[in-house]
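Right, one structure below, let's go through it.
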Amino acid sequence: MLGLSIVNAQTVLVAFVVGLLVYYMRKWFLYRLPPGPWSFPLVGNYEVYSKPLLHRVLLKLSKKYGPVFRLSFGHVPFVILNNYEVVMEAIVKKKADFAGRPSSTTFSLLSEGYKDIALATYSPMWQYHRRIATKALRNYLQGDLLEKLTQDNMTKVMNMMAAEKGPFEPKSHLDNIVFYQLYTLCFGEKKDIGDPEVEFLIREKDLVNKTMENGIREDLLPFLKDVYPSKRYTIIKKAVDKAFDFLYRKLEEHKETFDANNIRDLTDHLLMARSEVERTGDEESLQKLTDTYLLQTISDIFFAGVDTTRITLEWFLCFISGLPEIQAKCQKEIEQNIGRRCPSIADRQSLPYTEACIYETMRAGVIAALGLPHLTICDTNVGGYDVPKGTVVLINHYALHQDTNYWKDPEKFNPLRYLDENGKMDPKKLDSWLPFSAGRRVCLGESVAKPEILMMCVHLLQRFHISLPEGVKPNFVGEHRNVFGTESPADLEIVVTERS
Ligand code: HEM
């Protein structure tokens, strides 16, 4: 009897192992998959994906396996794209093939079940909301609202920077600049720095970022959240629930006071879009515009731009404080073209050198190195390899920005790379420059971020001379800062002095 059950157990085990082998080998016969390091079943390439500064590790692997290679995160197959040619082939030439988003426990939490734009997969619903949000942002950017908002916020925060005695870490000031800016853009109200509502949101955002790191165990094994939720999952859920409660309250206030003849902010622009649909009586569209979907669009615009914009500003300060001759050239250009008046979006044309410094900051600084993960929505191919439907695809923006085929001495900060012989920005020199990504999933906020960051930097350069503390040498090396695929300048401290 015992012998029989041992035989049965052996049979089951052999059948299981053979089943696993057939499952994994099937793909090898059906598809020409990209190469990659050997991985363990279930845990995958843990030794790779558990490392900090993953984008750097992936760039190293691409030297061995080529620009398209495969990796397993747990049991989930990933494909990593590491140069401009394969990235453009995938996200532009192949249209929507690579435009999906993978699902995960954290993504679902952050978007109330994928009802936002950034984390929802490619679908008619996503297309609809992306169109509405694009239009709302475009309407918002008309006129001089962004200029006024930037001036207001910059003055407040720069006064606080000026009051610093000696060297200081700029992170919290830059967080304030960006957060208060996006707060007013979304909700209209101008808040004083230190406002408890805004401080509360900054705290919850930082807590989610810090806890999330490179993912939580529920991302690999989703059922754990129902049977044995981890401490990190519980912390994230609590913080997200609190932040959404707050955003819902703001949405309610806006609904109660909405006046189609007085559009105050982005939330009003979205409510306006809903009221236009109401007037047409198009029931099908109206059902797509529930409060949850509107709130998730607001939440994306609010949170997707905060860290990326702040880290760009941190890198900008790092480069210009370490390279005083470049800072002086920007200040000269600003002085000659706009003097001390408030910068506007239109000034971009007359500040090519300063703008080139910001482009170079976005290349040489590491901002959203791995962007957001994509997902193939059908069987497709890239770089000569097959990529089956349902594969997660990462774009290694860092690899594109360090590619020596496009950038001579990529580790050097050199704004002249982008200028033609007349000192104007040359769009032909922007191949392999892709901080905002491209194609269907290109960053929704690019049209806001570019002029906004330029204006913020001009404000800083007009008012301050920015330097490193005495005796400190320039250091353009980044360090891991909790958010997947970002680096902040290591130990950055600056000194600001008012310019006469
Ligand atoms: C320097 C600033 C910024 C950088 C470098 C940046 C970069 C990116 C990148 C790399 C992506 C992923 C694109 C992809 O999936 O291939 C993205 C997506 C997105 N960004 Fe930005 N971003 C910035 C600022 C902003 C701002 C200010 C906003 C809001 C106004 C914003 C809103 C979004 C949204 C909503 C998405 C998701 C788009 C989609 O999935 O369709 N971003 N961004």
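Simple scheme: letters A, B, ... for chains in structure tokens order, numbers from 1 for residues in each chain, numbers from 1 for ligands in the order shown.
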
* Show which residues sit within 7 Å of range 435-445 of chain A, as an MDAnalysis selection string. Count only C-alpha atoms, and ignore same-chain residues fewer than 2 positions away. => chainID A and resid 91:92 96 99 134 362 368 397 433 447:449

* Mind checking DSSP for range 325-486 of chain A and telling me the strand (DSSP E or B) residues as a list in words? -> His374, Leu375, Thr380, Asn381, Val382, Tyr385, Asp386, Val387, Val392, Val393, Leu394, Ile395, Leu419, Met425, Phe464, His465, Ile466, Ser467, Gly478, Glu479 and His480 of chain A

* Of the candidates A:Phe78, A:Tyr122, A:Phe303, A:Phe316, which shows the shortest atom-to-atom distance to Cys186 in chain A, using only C-alpha atoms? ->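 Looking at the shortest contact to Cys186 in chain A, the residue is A:Phe303.
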
Per residue of range 48-130 of chain A within 10 Å of range 235-243 of chain A, record the nearest atom pair and its distance in Å to one decimal, counting only C-alpha atoms, with rows in chain order and ascending residue number, as a Markdown table.
| residue | atom | partner | partner_atom | distance |
| --- | --- | --- | --- | --- |
| A:Thr106 | CA | A:Ile236 | CA | 8.2 |
| A:Leu109 | CA | A:Lys237 | CA | 6.8 |
| A:Leu110 | CA | A:Val240 | CA | 6.7 |
| A:Ser111 | CA | A:Val240 | CA | 9.3 |
| A:Glu112 | CA | A:Val240 | CA | 9.5 |

* Among listed residues A:Gly113, A:Pro67, A:Gly19, A:Pro102, nearest ligand 1 (using only C-alpha atoms and all ligand atoms) -> A:Pro102

* To do: To one decimal in Å, tell me the separation between atom 6 (C, counted along the ligand's line) of ligand 1 and CA of Leu141 in chain A.
  =>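 Going from atom 6 (C, counted along the ligand's line) of ligand 1 over to CA of Leu141 in chain A, I get 17.5 Å.
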
* Can you list, as a ChimeraX atom specification, every protein, DNA or RNA residue that comes within 12 Å of Ile202 in chain A when you count only C-alpha atoms, leaving out same-chain residues fewer than 2 positions away? -> /A:172,174-180,182-183,193-200,204-209,239-240,243,302-303,306-307

* Which of these residues is nearest to ligand 1, using only C-alpha atoms and all ligand atoms: A:Arg101, A:Lys148, A:Lys135, A:Lys63? -> A:Arg101

* To do: Give me every alpha helix (DSSP H) residue in range 65-309 of chain A, going by DSSP on the backbone, as a PyMOL selection string.
  => chain A and resi 65+84-88+105-110+124-141+145-162+171-187+196-212+217-220+224-227+231-257+266-280+283-288+291-304+306-309

Since we have the selection now, will you write its residues out, keeping C-alpha atoms, as a short mmCIF file (atom, residue, chain, number, x, y, z; two decimals), in the first residue's frame?
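The new file out-v1.cif reads:
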data_model
loop_
_atom_site.label_atom_id
_atom_site.label_comp_id
_atom_site.auth_asym_id
_atom_site.auth_seq_id
_atom_site.Cartn_x
_atom_site.Cartn_y
_atom_site.Cartn_z
CA TYR A 65 22.77 40.00 -25.09
CA TYR A 84 16.69 54.00 -30.19
CA GLU A 85 16.10 51.82 -33.29
CA VAL A 86 14.31 49.01 -31.46
CA VAL A 87 12.38 51.42 -29.20
CA MET A 88 11.05 53.42 -32.16
CA THR A 105 -1.59 44.65 -7.30
CA THR A 106 0.06 48.05 -6.71
CA PHE A 107 -1.04 49.44 -10.10
CA SER A 108 -4.62 48.40 -9.34
CA LEU A 109 -4.48 50.05 -5.89
CA LEU A 110 -3.07 53.28 -7.30
CA PRO A 124 -11.29 52.28 -26.21
CA MET A 125 -11.92 53.46 -22.61
CA TRP A 126 -8.27 54.49 -22.18
CA GLN A 127 -8.31 56.26 -25.57
CA TYR A 128 -11.46 58.16 -24.59
CA HIS A 129 -10.07 59.42 -21.29
CA ARG A 130 -6.67 60.24 -22.74
CA ARG A 131 -8.43 62.39 -25.41
CA ILE A 132 -10.47 64.23 -22.77
CA ALA A 133 -7.42 64.84 -20.56
CA THR A 134 -5.33 66.05 -23.53
CA LYS A 135 -8.05 68.53 -24.47
CA ALA A 136 -8.44 69.74 -20.86
CA LEU A 137 -4.68 70.31 -20.56
CA ARG A 138 -4.57 72.10 -23.93
CA ASN A 139 -7.42 74.40 -22.90
CA TYR A 140 -5.73 75.06 -19.60
CA LEU A 141 -2.46 75.99 -21.33
CA LEU A 145 -2.33 81.00 -16.60
CA LEU A 146 0.77 78.82 -16.45
CA GLU A 147 3.09 81.87 -16.46
CA LYS A 148 1.17 83.55 -13.62
CA LEU A 149 1.03 80.36 -11.60
CA THR A 150 4.74 79.69 -12.03
CA GLN A 151 5.67 83.25 -11.07
CA ASP A 152 3.54 83.12 -7.94
CA ASN A 153 4.89 79.81 -6.72
CA MET A 154 8.50 80.56 -7.63
CA THR A 155 8.47 83.86 -5.74
CA LYS A 156 7.18 82.18 -2.57
CA VAL A 157 9.66 79.29 -2.68
CA MET A 158 12.63 81.43 -3.79
CA ASN A 159 12.03 83.70 -0.78
CA MET A 160 12.37 80.62 1.41
CA MET A 161 15.54 79.55 -0.40
CA ALA A 162 16.99 83.05 0.04
CA LYS A 171 14.84 68.69 -2.42
CA SER A 172 12.11 69.97 -0.10
CA HIS A 173 12.08 73.43 -1.76
CA LEU A 174 11.81 71.84 -5.20
CA ASP A 175 9.06 69.50 -3.97
CA ASN A 176 7.20 72.63 -2.83
CA ILE A 177 7.66 74.37 -6.18
CA VAL A 178 6.22 71.44 -8.12
CA PHE A 179 3.55 70.30 -5.67
CA TYR A 180 2.02 73.72 -5.07
CA GLN A 181 2.13 74.36 -8.83
CA LEU A 182 0.27 71.13 -9.66
CA TYR A 183 -2.13 71.68 -6.76
CA THR A 184 -3.20 75.07 -8.16
CA LEU A 185 -3.31 73.69 -11.71
CA CYS A 186 -5.73 70.94 -10.60
CA PHE A 187 -7.75 72.72 -7.90
CA PRO A 196 -1.58 71.42 6.04
CA GLU A 197 -3.68 69.98 3.16
CA VAL A 198 -0.79 70.13 0.71
CA GLU A 199 1.73 68.93 3.27
CA PHE A 200 -0.56 65.97 3.97
CA LEU A 201 -0.58 65.02 0.27
CA ILE A 202 3.22 65.36 0.00
CA ARG A 203 3.59 63.07 3.03
CA GLU A 204 1.26 60.39 1.67
CA LYS A 205 2.97 60.49 -1.75
CA ASP A 206 6.43 60.12 -0.19
CA LEU A 207 5.19 57.27 2.00
CA VAL A 208 3.82 55.37 -1.02
CA ASN A 209 7.06 55.91 -2.98
CA LYS A 210 9.23 54.83 -0.07
CA THR A 211 7.18 51.73 0.66
CA MET A 212 6.77 50.65 -2.95
CA ARG A 217 5.30 40.60 -2.82
CA GLU A 218 1.58 40.90 -3.70
CA ASP A 219 2.71 42.00 -7.20
CA LEU A 220 4.17 38.54 -7.77
CA LEU A 224 -1.62 37.16 -0.74
CA LYS A 225 -3.42 40.49 -0.34
CA ASP A 226 -6.63 38.63 0.58
CA VAL A 227 -5.14 35.88 2.75
CA LYS A 231 2.89 45.25 6.04
CA ARG A 232 4.01 47.19 2.96
CA TYR A 233 0.75 46.43 1.12
CA THR A 234 -1.27 47.65 4.13
CA ILE A 235 0.76 50.87 4.41
CA ILE A 236 0.34 51.64 0.70
CA LYS A 237 -3.41 50.88 0.78
CA LYS A 238 -3.98 53.17 3.78
CA ALA A 239 -1.99 56.04 2.25
CA VAL A 240 -3.73 55.69 -1.13
CA ASP A 241 -7.20 55.55 0.47
CA LYS A 242 -6.49 58.71 2.49
CA ALA A 243 -5.18 60.58 -0.58
CA PHE A 244 -8.19 59.53 -2.71
CA ASP A 245 -10.65 60.55 0.07
CA PHE A 246 -9.09 63.99 -0.06
CA LEU A 247 -9.26 64.18 -3.88
CA TYR A 248 -12.94 63.06 -3.85
CA ARG A 249 -13.71 65.89 -1.41
CA LYS A 250 -12.08 68.37 -3.80
CA LEU A 251 -14.10 66.95 -6.71
CA GLU A 252 -17.35 67.29 -4.71
CA GLU A 253 -16.54 70.93 -3.85
CA HIS A 254 -15.95 71.63 -7.53
CA LYS A 255 -19.22 69.97 -8.57
CA GLU A 256 -21.14 72.10 -6.06
CA THR A 257 -19.61 75.38 -7.24
CA LEU A 266 -8.22 71.55 -14.61
CA THR A 267 -10.93 69.90 -12.51
CA ASP A 268 -13.41 72.43 -13.95
CA HIS A 269 -12.15 71.65 -17.47
CA LEU A 270 -12.95 67.98 -16.89
CA LEU A 271 -16.38 68.80 -15.42
CA MET A 272 -16.95 71.00 -18.47
CA ALA A 273 -16.18 68.04 -20.75
CA ARG A 274 -18.83 66.04 -18.84
CA SER A 275 -21.40 68.81 -19.03
CA GLU A 276 -20.84 69.10 -22.82
CA VAL A 277 -21.56 65.37 -23.17
CA GLU A 278 -24.66 65.76 -20.95
CA ARG A 279 -25.97 68.42 -23.35
CA THR A 280 -25.61 66.08 -26.34
CA GLU A 283 -25.73 58.19 -22.72
CA GLU A 284 -22.95 55.79 -23.73
CA SER A 285 -20.24 58.48 -23.39
CA LEU A 286 -21.78 59.77 -20.19
CA GLN A 287 -21.41 56.38 -18.55
CA LYS A 288 -17.67 56.56 -19.19
CA ASP A 291 -16.67 60.55 -10.84
CA THR A 292 -14.14 57.74 -10.39
CA TYR A 293 -12.76 58.13 -13.93
CA LEU A 294 -12.61 61.93 -13.62
CA LEU A 295 -10.89 61.68 -10.25
CA GLN A 296 -8.36 59.20 -11.59
CA THR A 297 -7.47 61.57 -14.45
CA ILE A 298 -6.93 64.37 -11.92
CA SER A 299 -4.87 62.07 -9.72
CA ASP A 300 -2.64 61.11 -12.70
CA ILE A 301 -2.02 64.71 -13.68
CA PHE A 302 -1.33 65.57 -10.08
CA PHE A 303 0.96 62.69 -9.11
CA ALA A 304 2.57 61.59 -12.43
CA VAL A 306 5.53 65.55 -9.26
CA ASP A 307 8.63 63.39 -8.90
CA THR A 308 9.71 63.57 -12.54
CA THR A 309 9.61 67.40 -12.57
#

* For Glu360 in chain A, which residue out of A:Phe319, A:Ala399, A:Thr391, A:Cys342 is the nearest one, using only C-alpha atoms? -> A:Phe319

* Expressed in Å to a single decimal, how great is the separation between CA of Tyr418 in chain A and CA of Pro343 in chain A? -> 21.8 Å

* Pick out the closest residue to ligand 1 from this set: A:Ser39, A:Thr361, A:Asn82, A:Ser72. Count only C-alpha atoms and all ligand atoms. => A:Thr361

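With only C-alpha atoms as the atoms that count, the residue of A:Ala369, A:Leu317, A:Asn414, A:Lys408 with the shortest distance to Glu169 in chain A is A:Leu317.
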
* To do: Identify, on the basis of only C-alpha atoms, every residue whose closest approach to Arg348 in chain A does not exceed 9 Å; exclude the query and any residue fewer than 6 positions from it along the same chain; express the result as a list of chain:residue names.
  =>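 Near Arg348 in chain A, the qualifying residues are A:Thr354, A:Glu355, A:Pro451, A:Leu454, A:Met455.
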
* If you measure from CA of Leu372 in chain A to CA of Glu47 in chain A, what distance in Å do you get, rounded to one decimal? ->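 Result for CA of Leu372 in chain A versus CA of Glu47 in chain A: 21.5 Å, one decimal.
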
Please identify all polymer residues within 8 Å of Asn396 in chain A, counting only C-alpha atoms, omitting same-chain residues fewer than 4 positions from it, and present them as a PDB file with N, CA and C atoms, in the first residue's frame.
ATOM      1  N   HIS A  55      18.236  50.135 -14.117  1.00  0.00           N
ATOM      2  CA  HIS A  55      18.511  50.576 -15.493  1.00  0.00           C
ATOM      3  C   HIS A  55      19.990  50.424 -15.850  1.00  0.00           C
ATOM      4  N   LEU A  58      20.659  46.730 -16.406  1.00  0.00           N
ATOM      5  CA  LEU A  58      20.092  46.305 -17.688  1.00  0.00           C
ATOM      6  C   LEU A  58      20.963  46.769 -18.854  1.00  0.00           C
ATOM      7  N   LEU A  59      21.520  47.977 -18.738  1.00  0.00           N
ATOM      8  CA  LEU A  59      22.412  48.461 -19.800  1.00  0.00           C
ATOM      9  C   LEU A  59      23.618  47.530 -19.930  1.00  0.00           C
ATOM     10  N   ILE A  80      13.355  43.694 -22.605  1.00  0.00           N
ATOM     11  CA  ILE A  80      13.914  45.024 -22.359  1.00  0.00           C
ATOM     12  C   ILE A  80      14.454  45.579 -23.674  1.00  0.00           C
ATOM     13  N   LEU A  81      14.083  46.828 -23.993  1.00  0.00           N
ATOM     14  CA  LEU A  81      14.552  47.471 -25.230  1.00  0.00           C
ATOM     15  C   LEU A  81      15.604  48.510 -24.861  1.00  0.00           C
ATOM     16  N   ASN A  82      16.759  48.445 -25.538  1.00  0.00           N
ATOM     17  CA  ASN A  82      17.903  49.238 -25.062  1.00  0.00           C
ATOM     18  C   ASN A  82      18.522  50.175 -26.085  1.00  0.00           C
ATOM     19  N   ASN A  83      17.950  50.278 -27.296  1.00  0.00           N
ATOM     20  CA  ASN A  83      18.475  51.349 -28.158  1.00  0.00           C
ATOM     21  C   ASN A  83      17.337  52.009 -28.948  1.00  0.00           C
ATOM     22  N   ALA A 369      14.134  56.557 -15.768  1.00  0.00           N
ATOM     23  CA  ALA A 369      15.038  55.723 -16.565  1.00  0.00           C
ATOM     24  C   ALA A 369      14.332  54.549 -17.237  1.00  0.00           C
ATOM     25  N   LEU A 370      13.340  53.972 -16.559  1.00  0.00           N
ATOM     26  CA  LEU A 370      12.654  52.815 -17.161  1.00  0.00           C
ATOM     27  C   LEU A 370      11.201  53.156 -17.502  1.00  0.00           C
ATOM     28  N   GLY A 371      10.850  54.419 -17.455  1.00  0.00           N
ATOM     29  CA  GLY A 371       9.500  54.864 -17.808  1.00  0.00           C
ATOM     30  C   GLY A 371       8.443  54.071 -17.068  1.00  0.00           C
ATOM     31  N   LEU A 400      19.322  54.593 -23.894  1.00  0.00           N
ATOM     32  CA  LEU A 400      19.243  55.464 -25.081  1.00  0.00           C
ATOM     33  C   LEU A 400      20.059  56.737 -24.850  1.00  0.00           C
TER      34      LEU A 400
END
